[in-house]
Amino acid sequence: MSINTSKARQSTNVDDTLSINPVFVRPGEATDFNKFKLPAGPSLPETAYQIVHDEAILDGNSRLNLATFVTTWMDDEAKKLYAESADKNMIDKDEYPATAAIEDRCWRMLADLWNVPDTKDTIGTSTIGSSEACMLGGLALKRLWQHKRQAEGKSTEKPNLIMSAAVQVVWEKFCNYWDIEPRFVPVTPDHMVLDGFELEKYVDENTIGVVAILGQTFTGAYEPVKEIAKKLDEIQASTGFDIKIHVDGASGAMVAPFCQPDLEWDFRVERVNSISTSGHKYGLVYPGVGWVVWRNTKVMPESMIFHVSYLGGDMPTLALNFSRPGAQVLMQYYQFLRLGFEGYREVQQNSIDVATYLSSEIEKIGPFKLISRGDTIPVFAWILKDGETKNWSLYDLADRLRMKGWQVPAYPMADDLSDMTLQRVVVKVGLSRDLATALLADIKGETQFLESLQSPLPREAAASHFHH
Ligand SMILES: *Cc1c(COP(=O)(O)O)cnc(C)c1O
């Protein structure tokens, strides 16, 4: 990174206060410092180290990557644990029974967090990420549908799954790999998320389920699970089809329980069969770990479970993979113990505060219109306002920011709205308010530059697109 760039950052950074991430503030310690005055008293070495370390990341590293949802920061104890347990294989439940028991505790904690009706009658597992977790949730829906159809002597040839056209690619993969017809509900300016609108047009006797996304990858918006369920109640009343929901809570399932506790999206909604999340997104663990939990043991078909014996007992496993790292599961347990409910709430709320601050400031810049604000998961997106012809696009702004080290991708919206270009920021635990201020200064500066262009920027033959 050039000296000029860092100078520019310093001079545009006028805030005197350095606020400290609640994740490592110890009880009794200050939550902010003045940048230009020697602090009156000492801090714990871990706290001081962390502050210096955080400031130094302007030198350029993965934390300037605002494209990814995946954890790019964990504390030293987590790293130590990672190094100590790097050799553990999750599938080896015989050799690593303690890790297996910890895995069990983790998904049970999540089941409880997501309000399963009976914490003793539930089933879940860790996975390599949300993709595997979604596939297992989807497969259970497929099996349940198959068993019911077979019992009725009906065909199981043509299963279909209903989802928004703005699903994450895993659902297209799931349908492709397991021969299920995907039924995409289009995104439109009035219905940017799946909200139950015209759902009756998609449901039939071959529908294995509906996917609801808690935290759409394009915008961060939540799909209203309760409203979707209500629409499915109406559909059941008129057609008799009893359609269940899998909630793809890759990011939101680790944010909503802490920051939007009154939002009913989880097992409180009776139609929710299963919920998946990425431990390595807002679960705050390095890649790769995911989780999936079912409402009860009845809705997780026994035929999907493989029984592994361990310590003379029975350890049921369900997974697409065999060997995979056990360290991530231990790190997840570490974070659960380390942060607890209140710690997770503070960390996620801090990210939401940074996201909403950024989005409101970006909205003020002029040419931008917000599509979301970062008040669901700490993710927001914006577009260029209609009706103004410009010499630049959001792809140009993404390029300009990349020159400064920031990765803030621009990409087309899904399907019917693919003419719409969005630019998105994902705020994670590593993006402090201070870092956000520096990003904002660069967005302002680069926008000003682009607005001052006298003629369009030269174009490549084909624009490179960001992939989710
Ligand atoms: C990230 C994401 C996935 C895929 O999760 P991985 O953990 O990367 O496998 C699936 N669905 C949604 C909504 C996501 O955001």
# chains A, B, ... in the order shown; residues from 1 in each chain; ligands from 1
call {"tool": "select_by_dssp", "arguments": {"residues": "range 74-301 of chain A", "states": "alpha helix (DSSP H)", "output": "MDAnalysis selection string"}}
result
chainID A and resid 76:85 97:113 130:151 169:177 225:239 256:259
call {"tool": "closest_atom_pairs", "arguments": {"of": "chain A", "to": "ligand 1", "cutoff": "6 Å", "atoms": "only C-alpha atoms and all ligand atoms", "output": "tab-separated table"}}
result
residue	atom	partner	partner_atom_place_in_ligand_line	distance
A:Gly129	CA	ligand 1	7 (O)	3.7
A:Ser130	CA	ligand 1	7 (O)	3.7
A:Ser131	CA	ligand 1	9 (O)	3.6
A:Gln168	CA	ligand 1	11 (N)	4.8
A:Val170	CA	ligand 1	10 (C)	5.8
A:Ile213	CA	ligand 1	13 (C)	5.7
A:Gly215	CA	ligand 1	13 (C)	5.9
A:Gln216	CA	ligand 1	13 (C)	5.4
A:Thr217	CA	ligand 1	15 (O)	4.9
A:Asp248	CA	ligand 1	13 (C)	5.7
A:Ala250	CA	ligand 1	14 (C)	4.7
A:Ser251	CA	ligand 1	15 (O)	5.8
A:Ser278	CA	ligand 1	7 (O)	4.6
call {"tool": "closest_residue", "arguments": {"among": "A:Arg295, A:Phe267, A:Val308, A:Ser19", "to": "Leu431 in chain A", "atoms": "only C-alpha atoms"}}
result
A:Ser19
call {"tool": "residues_around", "arguments": {"residues": "Arg268 in chain A", "least_positions_apart": "2", "cutoff": "10 Å", "atoms": "only C-alpha atoms", "output": "list in words"}}
result
Trp114, Asn115, Val116, Pro117, Lys226, Leu263, Glu264, Trp265, Asp266, Glu270, Arg271, Val272 and Arg295 of chain A
call {"tool": "write_last_selection", "arguments": {"atoms": "C-alpha atoms", "output": "mmCIF file, in the first residue's frame"}}
result
data_model
loop_
_atom_site.group_PDB
_atom_site.id
_atom_site.type_symbol
_atom_site.label_atom_id
_atom_site.label_comp_id
_atom_site.auth_asym_id
_atom_site.auth_seq_id
_atom_site.Cartn_x
_atom_site.Cartn_y
_atom_site.Cartn_z
ATOM 1 C CA TRP A 114 -34.078 -21.203 18.087
ATOM 2 C CA ASN A 115 -36.912 -22.202 20.416
ATOM 3 C CA VAL A 116 -37.444 -25.886 19.650
ATOM 4 C CA PRO A 117 -40.621 -26.980 21.436
ATOM 5 C CA LYS A 226 -44.324 -15.962 9.739
ATOM 6 C CA LEU A 263 -39.201 -11.478 15.398
ATOM 7 C CA GLU A 264 -40.833 -14.894 15.023
ATOM 8 C CA TRP A 265 -38.876 -16.683 12.341
ATOM 9 C CA ASP A 266 -37.723 -19.860 14.133
ATOM 10 C CA GLU A 270 -45.045 -24.202 13.528
ATOM 11 C CA ARG A 271 -44.353 -24.807 9.857
ATOM 12 C CA VAL A 272 -40.606 -24.497 10.338
ATOM 13 C CA ARG A 295 -37.936 -29.313 15.077
#
call {"tool": "closest_residue", "arguments": {"among": "A:Arg400, A:Lys230, A:Lys281, A:Arg338", "to": "Val429 in chain A", "atoms": "only C-alpha atoms"}}
result
A:Lys281
call {"tool": "residues_around", "arguments": {"residues": "Pro378 in chain A", "least_positions_apart": "2", "cutoff": "7 Å", "atoms": "only C-alpha atoms", "output": "JSON, numbers by chain"}}
result
{"A": [351, 352, 355, 374, 375, 376, 380, 426, 427]}
call {"tool": "write_last_selection", "arguments": {"atoms": "N, CA and C atoms", "output": "PDB file, in the first residue's frame"}}
result
ATOM      1  N   SER A 351     -22.059  -4.538  15.118  1.00  0.00           N
ATOM      2  CA  SER A 351     -21.966  -4.613  13.650  1.00  0.00           C
ATOM      3  C   SER A 351     -23.170  -3.940  13.002  1.00  0.00           C
ATOM      4  N   ILE A 352     -24.348  -4.152  13.564  1.00  0.00           N
ATOM      5  CA  ILE A 352     -25.550  -3.504  13.011  1.00  0.00           C
ATOM      6  C   ILE A 352     -25.432  -1.986  13.138  1.00  0.00           C
ATOM      7  N   ALA A 355     -23.147  -0.841  10.478  1.00  0.00           N
ATOM      8  CA  ALA A 355     -23.792  -0.971   9.166  1.00  0.00           C
ATOM      9  C   ALA A 355     -24.816   0.129   8.946  1.00  0.00           C
ATOM     10  N   GLY A 374     -29.033  -2.455   6.571  1.00  0.00           N
ATOM     11  CA  GLY A 374     -28.138  -3.131   7.515  1.00  0.00           C
ATOM     12  C   GLY A 374     -28.726  -3.247   8.903  1.00  0.00           C
ATOM     13  N   ASP A 375     -30.069  -3.123   9.006  1.00  0.00           N
ATOM     14  CA  ASP A 375     -30.699  -3.227  10.332  1.00  0.00           C
ATOM     15  C   ASP A 375     -31.310  -4.611  10.578  1.00  0.00           C
ATOM     16  N   THR A 376     -31.119  -5.527   9.617  1.00  0.00           N
ATOM     17  CA  THR A 376     -31.519  -6.928   9.839  1.00  0.00           C
ATOM     18  C   THR A 376     -30.247  -7.665  10.230  1.00  0.00           C
ATOM     19  N   PHE A 380     -25.835  -4.352   3.867  1.00  0.00           N
ATOM     20  CA  PHE A 380     -26.731  -3.456   3.138  1.00  0.00           C
ATOM     21  C   PHE A 380     -26.225  -3.248   1.722  1.00  0.00           C
ATOM     22  N   VAL A 426     -20.790  -5.936   3.627  1.00  0.00           N
ATOM     23  CA  VAL A 426     -21.065  -6.882   4.709  1.00  0.00           C
ATOM     24  C   VAL A 426     -20.213  -6.448   5.904  1.00  0.00           C
ATOM     25  N   VAL A 427     -20.865  -6.019   6.977  1.00  0.00           N
ATOM     26  CA  VAL A 427     -20.120  -5.611   8.175  1.00  0.00           C
ATOM     27  C   VAL A 427     -19.960  -6.823   9.092  1.00  0.00           C
TER      28      VAL A 427
END
call {"tool": "residues_around", "arguments": {"residues": "range 25-42 of chain A", "least_positions_apart": "6", "cutoff": "12 Å", "atoms": "only C-alpha atoms", "output": "VMD selection string"}}
result
chain A and resid 10 13 to 19 48 50 to 52 55 338 to 339 343 346 to 347 432 to 434
call {"tool": "atom_distance", "arguments": {"atom1": "CA of Pro22 in chain A", "atom2": "CA of His280 in chain A"}}
result
19.4 Å
call {"tool": "residues_around", "arguments": {"residues": "range 84-93 of chain A", "least_positions_apart": "3", "cutoff": "7 Å", "atoms": "only C-alpha atoms", "output": "PDB file with N, CA and C atoms, in the first residue's frame"}}
result
ATOM      1  N   LYS A  80      -5.165 -20.220  19.443  1.00  0.00           N
ATOM      2  CA  LYS A  80      -4.399 -21.220  20.184  1.00  0.00           C
ATOM      3  C   LYS A  80      -5.132 -22.565  20.137  1.00  0.00           C
ATOM      4  N   LEU A  81      -6.420 -22.486  20.377  1.00  0.00           N
ATOM      5  CA  LEU A  81      -7.249 -23.689  20.351  1.00  0.00           C
ATOM      6  C   LEU A  81      -7.238 -24.318  18.958  1.00  0.00           C
ATOM      7  N   TYR A  96     -12.077 -39.332  19.047  1.00  0.00           N
ATOM      8  CA  TYR A  96     -12.269 -38.014  19.663  1.00  0.00           C
ATOM      9  C   TYR A  96     -13.661 -37.891  20.274  1.00  0.00           C
ATOM     10  N   PRO A  97     -13.951 -38.719  21.269  1.00  0.00           N
ATOM     11  CA  PRO A  97     -15.311 -38.692  21.847  1.00  0.00           C
ATOM     12  C   PRO A  97     -15.646 -37.364  22.513  1.00  0.00           C
ATOM     13  N   ALA A 100     -16.804 -35.040  19.897  1.00  0.00           N
ATOM     14  CA  ALA A 100     -18.156 -35.447  19.497  1.00  0.00           C
ATOM     15  C   ALA A 100     -19.186 -34.958  20.513  1.00  0.00           C
ATOM     16  N   TYR A 310     -19.655 -45.347  19.653  1.00  0.00           N
ATOM     17  CA  TYR A 310     -18.548 -44.687  20.341  1.00  0.00           C
ATOM     18  C   TYR A 310     -18.669 -44.899  21.834  1.00  0.00           C
ATOM     19  N   PHE A 322     -17.397 -37.080   4.899  1.00  0.00           N
ATOM     20  CA  PHE A 322     -16.905 -38.011   5.910  1.00  0.00           C
ATOM     21  C   PHE A 322     -15.895 -37.241   6.763  1.00  0.00           C
ATOM     22  N   SER A 323     -14.615 -37.311   6.423  1.00  0.00           N
ATOM     23  CA  SER A 323     -13.621 -36.581   7.213  1.00  0.00           C
ATOM     24  C   SER A 323     -13.769 -35.076   7.027  1.00  0.00           C
ATOM     25  N   ARG A 324     -13.655 -34.378   8.105  1.00  0.00           N
ATOM     26  CA  ARG A 324     -13.567 -32.918   8.056  1.00  0.00           C
ATOM     27  C   ARG A 324     -13.006 -32.437   9.393  1.00  0.00           C
ATOM     28  N   PRO A 325     -12.540 -31.184   9.435  1.00  0.00           N
ATOM     29  CA  PRO A 325     -11.885 -30.704  10.650  1.00  0.00           C
ATOM     30  C   PRO A 325     -12.811 -30.678  11.855  1.00  0.00           C
ATOM     31  N   GLY A 326     -12.285 -31.086  13.007  1.00  0.00           N
ATOM     32  CA  GLY A 326     -13.034 -30.995  14.255  1.00  0.00           C
ATOM     33  C   GLY A 326     -12.746 -29.690  14.983  1.00  0.00           C
ATOM     34  N   ALA A 327     -11.646 -29.012  14.608  1.00  0.00           N
ATOM     35  CA  ALA A 327     -11.221 -27.806  15.322  1.00  0.00           C
ATOM     36  C   ALA A 327     -12.293 -26.712  15.292  1.00  0.00           C
TER      37      ALA A 327
END
call {"tool": "select_by_dssp", "arguments": {"residues": "range 145-213 of chain A", "states": "strand (DSSP E)", "output": "CSV table (one decimal) with N, CA and C atoms, in the first residue's frame"}}
result
chain,number,residue,atom,x,y,z
A,160,ASN,N,-40.8,-30.9,-6.2
A,160,ASN,CA,-40.4,-29.5,-6.5
A,160,ASN,C,-40.2,-28.8,-5.2
A,161,LEU,N,-39.4,-27.8,-5.2
A,161,LEU,CA,-39.1,-26.9,-4.0
A,161,LEU,C,-39.3,-25.5,-4.4
A,162,ILE,N,-39.9,-24.7,-3.5
A,162,ILE,CA,-40.2,-23.3,-3.8
A,162,ILE,C,-39.3,-22.4,-3.1
A,163,MET,N,-38.8,-21.4,-3.8
A,163,MET,CA,-37.9,-20.5,-3.2
A,163,MET,C,-37.8,-19.2,-4.0
A,164,SER,N,-37.3,-18.1,-3.4
A,164,SER,CA,-37.1,-16.9,-4.1
A,164,SER,C,-36.1,-17.1,-5.2
A,181,GLU,N,-37.2,-30.2,-9.0
A,181,GLU,CA,-37.5,-29.0,-9.8
A,181,GLU,C,-37.5,-27.8,-8.9
A,182,PRO,N,-36.6,-26.8,-9.2
A,182,PRO,CA,-36.7,-25.6,-8.4
A,182,PRO,C,-37.8,-24.7,-9.0
A,183,ARG,N,-38.7,-24.2,-8.1
A,183,ARG,CA,-39.7,-23.2,-8.5
A,183,ARG,C,-39.3,-21.9,-7.9
A,184,PHE,N,-38.8,-21.0,-8.8
A,184,PHE,CA,-38.3,-19.7,-8.4
A,184,PHE,C,-39.5,-18.7,-8.4
A,185,VAL,N,-39.7,-18.1,-7.3
A,185,VAL,CA,-40.6,-17.0,-7.2
A,185,VAL,C,-39.8,-15.7,-7.6
A,207,THR,N,-44.9,-30.5,-4.1
A,207,THR,CA,-44.0,-29.6,-3.4
A,207,THR,C,-43.5,-30.2,-2.1
A,208,ILE,N,-42.2,-30.3,-2.0
A,208,ILE,CA,-41.6,-30.9,-0.8
A,208,ILE,C,-41.4,-29.8,0.3
A,209,GLY,N,-41.4,-28.6,-0.1
A,209,GLY,CA,-41.2,-27.6,1.0
A,209,GLY,C,-41.0,-26.2,0.4
A,210,VAL,N,-40.8,-25.2,1.3
A,210,VAL,CA,-40.5,-23.8,0.9
A,210,VAL,C,-39.3,-23.4,1.6
A,211,VAL,N,-38.4,-22.7,0.9
A,211,VAL,CA,-37.2,-22.2,1.6
A,211,VAL,C,-37.4,-20.8,1.9
A,212,ALA,N,-37.2,-20.4,3.2
A,212,ALA,CA,-37.2,-19.0,3.6
A,212,ALA,C,-35.8,-18.6,4.0
A,213,ILE,N,-35.4,-17.4,3.5
A,213,ILE,CA,-34.0,-17.0,3.7
A,213,ILE,C,-34.0,-15.9,4.8
call {"tool": "residues_around", "arguments": {"residues": "Ala140 in chain A", "least_positions_apart": "5", "cutoff": "8 Å", "atoms": "only C-alpha atoms", "output": "PyMOL selection string"}}
result
chain A and resi 299-301+304
call {"tool": "closest_residue", "arguments": {"among": "A:Ala221, A:Ile20, A:Leu113, A:Ala101", "to": "Asp314 in chain A", "atoms": "only C-alpha atoms"}}
result
A:Ala101
call {"tool": "atom_distance", "arguments": {"atom1": "CA of Phe69 in chain A", "atom2": "CA of Phe368 in chain A"}}
result
22.8 Å
